[in-house]
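The file work32.txt contains compact mmCIF, C-alpha atoms:
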```txt
# COMPACT_ATOMS: atom_id res chain seq x y z
CA MET S 281 31.85 57.01 14.57
CA SER S 282 30.59 57.97 11.13
CA LYS S 283 26.89 58.32 10.39
CA LEU S 284 27.08 55.32 8.03
CA LYS S 285 28.53 53.08 10.72
CA ILE S 286 25.89 54.29 13.17
CA LEU S 287 23.11 53.46 10.68
CA ILE S 288 24.53 50.02 9.94
CA THR S 289 24.89 49.27 13.66
CA PHE S 290 21.34 50.49 14.27
CA PHE S 291 19.83 48.34 11.52
CA LEU S 292 21.77 45.26 12.65
CA PHE S 293 20.51 45.83 16.17
CA LEU S 294 16.97 46.32 14.87
CA ALA S 295 17.12 43.12 12.79
CA ASN S 296 18.41 41.15 15.74
CA PHE S 297 15.81 42.75 18.01
CA ASN S 298 12.99 41.85 15.61
CA SER S 299 14.19 38.27 15.18
CA VAL S 300 14.18 37.84 18.95
CA CYS S 301 10.91 39.64 19.57
CA PHE S 302 9.01 37.88 16.79
CA ALA S 303 10.50 34.41 17.31
CA THR S 304 8.03 31.61 17.99
CA THR S 305 8.33 28.95 20.63
CA TYR S 306 7.07 25.57 19.37
CA ASP S 307 5.99 22.96 21.89
CA ARG S 308 6.67 19.24 21.52
CA GLU S 309 3.13 18.38 20.46
CA PHE S 310 3.23 20.94 17.64
CA ILE S 311 6.53 19.57 16.31
CA GLN S 312 5.30 15.96 16.50
CA ASN S 313 2.13 16.87 14.57
CA PHE S 314 4.21 18.90 12.11
CA ALA S 315 6.33 15.81 11.36
CA LYS S 316 3.19 13.67 11.06
CA ARG S 317 1.59 16.03 8.54
CA TYR S 318 4.81 16.23 6.53
CA VAL S 319 5.00 12.42 6.21
CA GLU S 320 1.31 12.13 5.32
CA GLU S 321 1.74 14.71 2.54
CA ASN S 322 4.99 13.33 1.11
CA ILE S 323 4.75 9.54 1.19
CA PRO S 324 2.75 8.01 -1.70
CA VAL S 325 -0.20 5.79 -0.82
CA PRO S 326 -1.44 2.92 -3.06
CA LYS S 327 -4.93 3.15 -4.53
CA HIS S 328 -7.51 2.53 -1.77
CA GLY S 329 -4.63 2.30 0.70
CA VAL S 330 -4.48 3.82 4.17
CA LEU S 331 -1.41 5.44 5.71
CA THR S 332 -0.94 5.29 9.49
CA VAL S 333 1.71 7.70 10.76
CA THR S 334 2.87 7.66 14.39
CA PRO S 335 5.61 10.11 15.42
CA ALA S 336 7.81 9.33 18.42
CA THR S 337 7.51 11.42 21.57
CA ILE S 338 10.21 14.06 21.84
CA ASP S 339 12.46 13.50 24.83
CA PRO S 340 11.45 16.03 27.53
CA ARG S 341 15.13 16.65 28.24
CA ILE S 342 15.58 18.22 24.80
CA ALA S 343 15.35 22.01 24.98
CA ILE S 344 13.48 23.40 21.98
CA LYS S 345 14.70 26.87 21.02
CA GLN S 346 12.62 29.64 19.54
CA CYS S 347 12.56 30.17 15.78
CA SER S 348 12.10 33.45 13.93
CA MET S 349 10.87 31.63 10.79
CA PRO S 350 8.31 28.90 10.06
CA LEU S 351 9.68 25.42 10.64
CA SER S 352 10.80 23.25 7.70
CA ALA S 353 11.09 19.48 7.31
CA ASN S 354 12.51 16.81 5.04
CA ILE S 355 13.25 13.09 5.00
CA PRO S 356 17.00 12.70 4.38
CA GLU S 357 16.86 8.96 3.57
CA LYS S 358 16.54 7.98 -0.09
CA THR S 359 14.21 5.08 0.65
CA LEU S 360 11.05 5.18 2.72
CA GLY S 361 10.67 2.19 5.01
CA ARG S 362 8.51 1.28 7.97
CA ASN S 363 10.37 3.85 10.08
CA VAL S 364 11.68 7.18 8.84
CA ASN S 365 13.65 9.95 10.50
CA VAL S 366 12.08 13.32 9.80
CA LYS S 367 14.46 16.26 9.99
CA ILE S 368 12.76 19.27 11.57
CA TYR S 369 14.78 22.44 11.32
CA CYS S 370 14.72 26.19 11.89
CA ALA S 371 16.50 28.32 9.30
CA GLY S 372 16.13 31.51 11.31
CA SER S 373 18.78 33.75 12.80
CA ILE S 374 19.41 31.11 15.47
CA ALA S 375 19.36 27.90 13.40
CA TRP S 376 18.68 24.50 14.95
CA GLN S 377 17.50 21.04 13.93
CA LEU S 378 16.26 17.80 15.40
CA PHE S 379 15.50 14.34 14.00
CA LEU S 380 12.20 12.73 14.93
CA PRO S 381 11.61 8.98 14.30
CA VAL S 382 8.20 8.34 12.71
CA LYS S 383 6.58 4.92 12.30
CA VAL S 384 4.81 4.50 8.97
CA THR S 385 2.36 1.69 8.17
CA THR S 386 0.73 1.36 4.74
CA SER S 387 -2.37 -0.85 4.67
CA ILE S 388 -4.33 -2.00 1.62
CA PRO S 389 -7.68 -3.83 1.28
CA VAL S 390 -7.36 -7.57 0.70
CA ILE S 391 -9.77 -10.49 0.56
CA VAL S 392 -9.51 -12.90 3.50
CA ALA S 393 -11.39 -15.95 4.73
CA ALA S 394 -14.24 -14.81 6.99
CA ASN S 395 -14.17 -18.19 8.73
CA LYS S 396 -12.36 -21.52 8.48
CA LEU S 397 -12.71 -22.96 4.97
CA SER S 398 -12.37 -26.60 3.99
CA LYS S 399 -10.57 -27.72 0.86
CA GLY S 400 -12.89 -27.45 -2.15
CA THR S 401 -15.18 -24.83 -0.57
CA PHE S 402 -16.84 -22.53 -3.10
CA LEU S 403 -15.90 -18.93 -2.40
CA ASP S 404 -18.44 -16.12 -2.22
CA SER S 405 -19.51 -13.17 -0.06
CA SER S 406 -20.79 -15.51 2.67
CA ASN S 407 -17.31 -16.82 3.52
CA LEU S 408 -15.05 -13.96 2.40
CA THR S 409 -14.51 -10.47 3.73
CA VAL S 410 -12.35 -7.43 3.00
CA GLU S 411 -9.77 -6.30 5.56
CA LEU S 412 -7.02 -3.71 5.63
CA ARG S 413 -3.62 -5.38 5.97
CA ASP S 414 -0.08 -4.06 6.39
CA ILE S 415 1.36 -4.22 2.87
CA ARG S 416 4.72 -5.48 4.19
CA LYS S 417 3.09 -8.52 5.81
CA ILE S 418 1.20 -9.65 2.70
CA ARG S 419 2.56 -12.68 0.87
CA GLY S 420 1.48 -13.47 -2.67
CA GLU S 421 -0.48 -11.47 -5.23
CA VAL S 422 -3.26 -9.38 -3.70
CA ILE S 423 -6.88 -9.95 -4.68
CA ASP S 424 -8.98 -6.96 -3.67
CA SER S 425 -12.46 -7.86 -4.95
CA ILE S 426 -14.76 -10.62 -3.70
CA GLN S 427 -16.56 -10.52 -7.05
CA LYS S 428 -13.37 -11.59 -8.85
CA VAL S 429 -13.15 -14.87 -6.93
CA THR S 430 -16.84 -15.66 -6.44
CA GLY S 431 -17.28 -19.23 -7.69
CA ALA S 432 -13.64 -20.22 -7.25
CA ARG S 433 -12.68 -23.03 -4.84
CA ALA S 434 -10.22 -23.25 -1.97
CA LYS S 435 -7.32 -25.50 -3.01
CA ARG S 436 -6.65 -26.40 0.62
CA SER S 437 -8.04 -25.78 4.08
CA LEU S 438 -7.77 -22.11 5.04
CA LEU S 439 -7.87 -20.66 8.53
CA LYS S 440 -10.04 -17.66 9.36
CA GLY S 441 -8.24 -14.49 8.33
CA THR S 442 -6.06 -16.18 5.69
CA ASN S 443 -5.28 -13.89 2.79
CA ILE S 444 -6.87 -15.17 -0.45
CA THR S 445 -4.24 -15.35 -3.22
CA LYS S 446 -3.84 -16.98 -6.62
CA ARG S 447 -1.86 -19.76 -4.95
CA ASN S 448 -4.52 -20.97 -2.53
CA ILE S 449 -7.55 -20.97 -4.84
CA CYS S 450 -8.40 -22.59 -8.16
CA VAL S 451 -10.31 -20.46 -10.63
CA VAL S 452 -10.39 -23.46 -12.92
CA CYS S 453 -10.43 -26.70 -10.93
CA LYS S 454 -9.37 -30.18 -12.02
CA GLY S 455 -12.30 -32.28 -13.22
CA GLU S 456 -14.68 -29.31 -13.44
CA SER S 457 -16.48 -28.13 -16.56
CA VAL S 458 -15.08 -25.02 -18.24
CA THR S 459 -15.99 -22.83 -21.16
CA ILE S 460 -13.32 -22.78 -23.88
CA ILE S 461 -13.21 -19.59 -25.93
CA ALA S 462 -11.16 -19.69 -29.14
CA LYS S 463 -10.78 -16.22 -30.60
CA SER S 464 -8.94 -14.18 -33.19
CA ALA S 465 -9.20 -10.60 -34.36
CA ASP S 466 -12.15 -11.54 -36.60
CA PHE S 467 -14.23 -14.08 -34.68
CA SER S 468 -14.62 -16.19 -31.54
CA ILE S 469 -16.25 -19.53 -30.80
CA LYS S 470 -17.19 -21.24 -27.56
CA THR S 471 -17.25 -24.87 -26.61
CA ALA S 472 -17.28 -26.96 -23.44
CA GLY S 473 -14.34 -28.73 -21.87
CA ILE S 474 -12.97 -30.38 -18.72
CA ALA S 475 -10.03 -28.94 -16.79
CA LEU S 476 -7.22 -31.47 -16.31
CA LYS S 477 -5.42 -29.40 -13.62
CA ASP S 478 -6.11 -26.71 -11.07
CA ALA S 479 -5.18 -23.22 -12.24
CA SER S 480 -5.68 -19.57 -11.31
CA PHE S 481 -5.96 -16.24 -13.14
CA GLY S 482 -3.57 -15.88 -16.07
CA GLU S 483 -2.08 -19.38 -15.77
CA GLN S 484 -1.80 -21.95 -18.56
CA VAL S 485 -3.85 -25.11 -18.06
CA ARG S 486 -4.50 -28.35 -19.96
CA VAL S 487 -8.14 -28.74 -20.94
CA LYS S 488 -9.96 -31.59 -22.71
CA ASN S 489 -12.40 -30.50 -25.41
CA SER S 490 -15.67 -32.31 -24.59
CA ARG S 491 -16.77 -32.40 -28.23
CA SER S 492 -13.58 -33.47 -30.01
CA GLY S 493 -11.82 -35.24 -27.14
CA ARG S 494 -8.62 -33.32 -27.92
CA THR S 495 -6.43 -31.94 -25.16
CA ILE S 496 -5.43 -28.33 -25.56
CA ILE S 497 -3.51 -25.73 -23.54
CA ALA S 498 -5.39 -22.55 -22.77
CA GLN S 499 -5.07 -19.54 -20.49
CA VAL S 500 -7.37 -19.00 -17.51
CA LYS S 501 -9.39 -15.83 -18.08
CA ALA S 502 -12.18 -15.99 -15.50
CA ILE S 503 -14.07 -18.38 -13.25
CA ASN S 504 -14.38 -21.67 -15.20
CA GLN S 505 -13.34 -19.92 -18.40
CA VAL S 506 -10.23 -20.39 -20.54
CA VAL S 507 -9.09 -18.70 -23.73
CA ILE S 508 -7.10 -19.75 -26.80
CA ASN S 509 -5.80 -16.94 -28.98
CA LEU S 510 -5.77 -18.05 -32.60
```

Just dump the structure as structure tokens.
Amino acid sequence: MSKLKILITFFLFLANFNSVCFATTYDREFIQNFAKRYVEENIPVPKHGVLTVTPATIDPRIAIKQCSMPLSANIPEKTLGRNVNVKIYCAGSIAWQLFLPVKVTTSIPVIVAANKLSKGTFLDSSNLTVELRDIRKIRGEVIDSIQKVTGARAKRSLLKGTNITKRNICVVCKGESVTIIAKSADFSIKTAGIALKDASFGEQVRVKNSRSGRTIIAQVKAINQVVINL
């Protein structure tokens, strides 16, 4: 055998020897936490949101081989749902991979009824509270600040824990006094009026001008406040 062949054989043996000697054995708990950290670092979270990540337990019948390189991970699916399969793989001399199901829950703060509310109840910090809710179980537009709805009324009876949305409150309520603001780029004027319908943030509502008696259509801007852009 030539010296070159001997050297090549020696270095191949040495490389294989090193890969075996310096390979790491990863236990199931390490791999589960590795998948958890990967998901936490790679799934976007809404502002003020909380991500809860729960990896599945690896079947004890699965034999986990050693790896001569640090483990890698990715999420093969294009979309990220409630459950994702995280691919954990070793790209070492003895390559292997496994898929670990991980449950993902994204919660965001929402305003809910702190107790049972009757129709027409004025809303404030005494009867509202903030709770974290699973974003996939929320129906309607989220309201995340008690201050935004303080002074609004419940349009119907609400059970304790009901999510407060634009649909179940009136920011401007039928028969109530409102401030009408007519504004342009150069000036604005205020006058009083009476709401002729219930309405919430951003909605159009018919309002009677208390001074002129005219009925106008304005947009709800804030609690008991509507705006006409001239």

- Query: With distances taken over all atoms listed in the file, which of S:Lys383, S:Lys367, S:Lys446, S:Arg486 is nearest to Gly473 of chain S?
  - Reply: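 Checking each candidate against Gly473 of chain S, we get S:Arg486 as the closest.
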
- Message: I need the residue nearest Gly455 of chain S from this list: S:Ile508, S:Ala434, S:Ala375, S:Val487. Use only C-alpha atoms for the distance.
- Response: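 Checking each of S:Ile508, S:Ala434, S:Ala375, S:Val487 against Gly455 of chain S, counting only C-alpha atoms, the winner is S:Val487.
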
Restrict the calculation to all atoms listed in the file, then for each residue of segment 395-440 of chain S with any atom at most 12 Å from an atom of segment 323-345 of chain S give the closest atom pair and their distance in Å to one decimal, rows by chain and rising residue number, as JSON lines.
```
{"residue": "S:Glu411", "atom": "CA", "partner": "S:Gly329", "partner_atom": "CA", "distance": 11.1}
{"residue": "S:Leu412", "atom": "CA", "partner": "S:Val330", "partner_atom": "CA", "distance": 8.1}
{"residue": "S:Arg413", "atom": "CA", "partner": "S:Gly329", "partner_atom": "CA", "distance": 9.4}
{"residue": "S:Asp414", "atom": "CA", "partner": "S:Val330", "partner_atom": "CA", "distance": 9.3}
{"residue": "S:Ile415", "atom": "CA", "partner": "S:Gly329", "partner_atom": "CA", "distance": 9.1}
{"residue": "S:Asp424", "atom": "CA", "partner": "S:His328", "partner_atom": "CA", "distance": 9.8}
{"residue": "S:Ser425", "atom": "CA", "partner": "S:His328", "partner_atom": "CA", "distance": 11.9}
```

Save out the residues we just selected, C-alpha atoms, as an mmCIF file, in the frame of the given file.
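As a result, result_24.cif now contains:
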```cif
data_model
loop_
_atom_site.group_PDB
_atom_site.id
_atom_site.type_symbol
_atom_site.label_atom_id
_atom_site.label_comp_id
_atom_site.auth_asym_id
_atom_site.auth_seq_id
_atom_site.Cartn_x
_atom_site.Cartn_y
_atom_site.Cartn_z
ATOM 1 C CA GLU S 411 -9.770 -6.300 5.560
ATOM 2 C CA LEU S 412 -7.020 -3.710 5.630
ATOM 3 C CA ARG S 413 -3.620 -5.380 5.970
ATOM 4 C CA ASP S 414 -0.080 -4.060 6.390
ATOM 5 C CA ILE S 415 1.360 -4.220 2.870
ATOM 6 C CA ASP S 424 -8.980 -6.960 -3.670
ATOM 7 C CA SER S 425 -12.460 -7.860 -4.950
#
```

- For the atom pair atom CA of Ser468 of chain S and atom CA of Lys428 of chain S, what is the interatomic distance in Å to one decimal place?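 Taking atom CA of Ser468 of chain S and atom CA of Lys428 of chain S, their separation equals 23.2 Å.
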
- Using only C-alpha atoms, which residues sit within 8 Å of Ser352 of chain S once same-chain residues fewer than 4 positions away are excluded, as a ChimeraX atom specification? /S:368-371

- Task: To one decimal in Å, tell me the separation between atom CA of Ala394 of chain S and atom CA of Gln484 of chain S.
- Result: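 Interatomic distance here is 29.3 Å.
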
- For each of S:Arg491, S:Leu438, S:Tyr318, S:Ala353, take the minimum atom-to-atom distance to Ser398 of chain S, counting only C-alpha atoms, then give the residue where this is smallest.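 So, comparing all the options, the nearest one is S:Leu438.
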
- Please determine the residues with any atom at most 12 Å from (-3.6, -24.5, -22.1) (coordinates as given in the file, with all atoms listed in the file counting) and report them as a PyMOL selection string. chain S and resi 452+460-462+473-479+482-489+494-501+505-509

- Task: Measure the distance from atom CA of Asn504 of chain S to atom CA of Ile418 of chain S in Å and round it to one decimal.
- Result: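 Between these atoms lies a distance of 26.6 Å.
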
- Which is closest to Phe402 of chain S among S:Gln377, S:Ser387, S:Thr430, S:Ser437, if we use all atoms listed in the file?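 So, comparing all the options, the nearest one is S:Thr430.
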
- Message: Between S:Pro350, S:Lys396, S:Lys435, S:Val364, which residue has the minimum interatomic distance to Val382 of chain S, considering all atoms listed in the file?
- Response: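 Distance minimum relative to Val382 of chain S lands on S:Val364.
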
- Item | Selected residue of minimal separation from Arg433 of chain S among S:Ile374, S:Ile469, S:Val392, S:Ile503, counting only C-alpha atoms | S:Ile503

- Task: Write out as a PyMOL selection string the residues lying within 8 Å of Leu397 of chain S, counting only C-alpha atoms and excluding same-chain residues fewer than 2 positions away.
- Result: chain S and resi 393+395+399+401+407+434+437-440
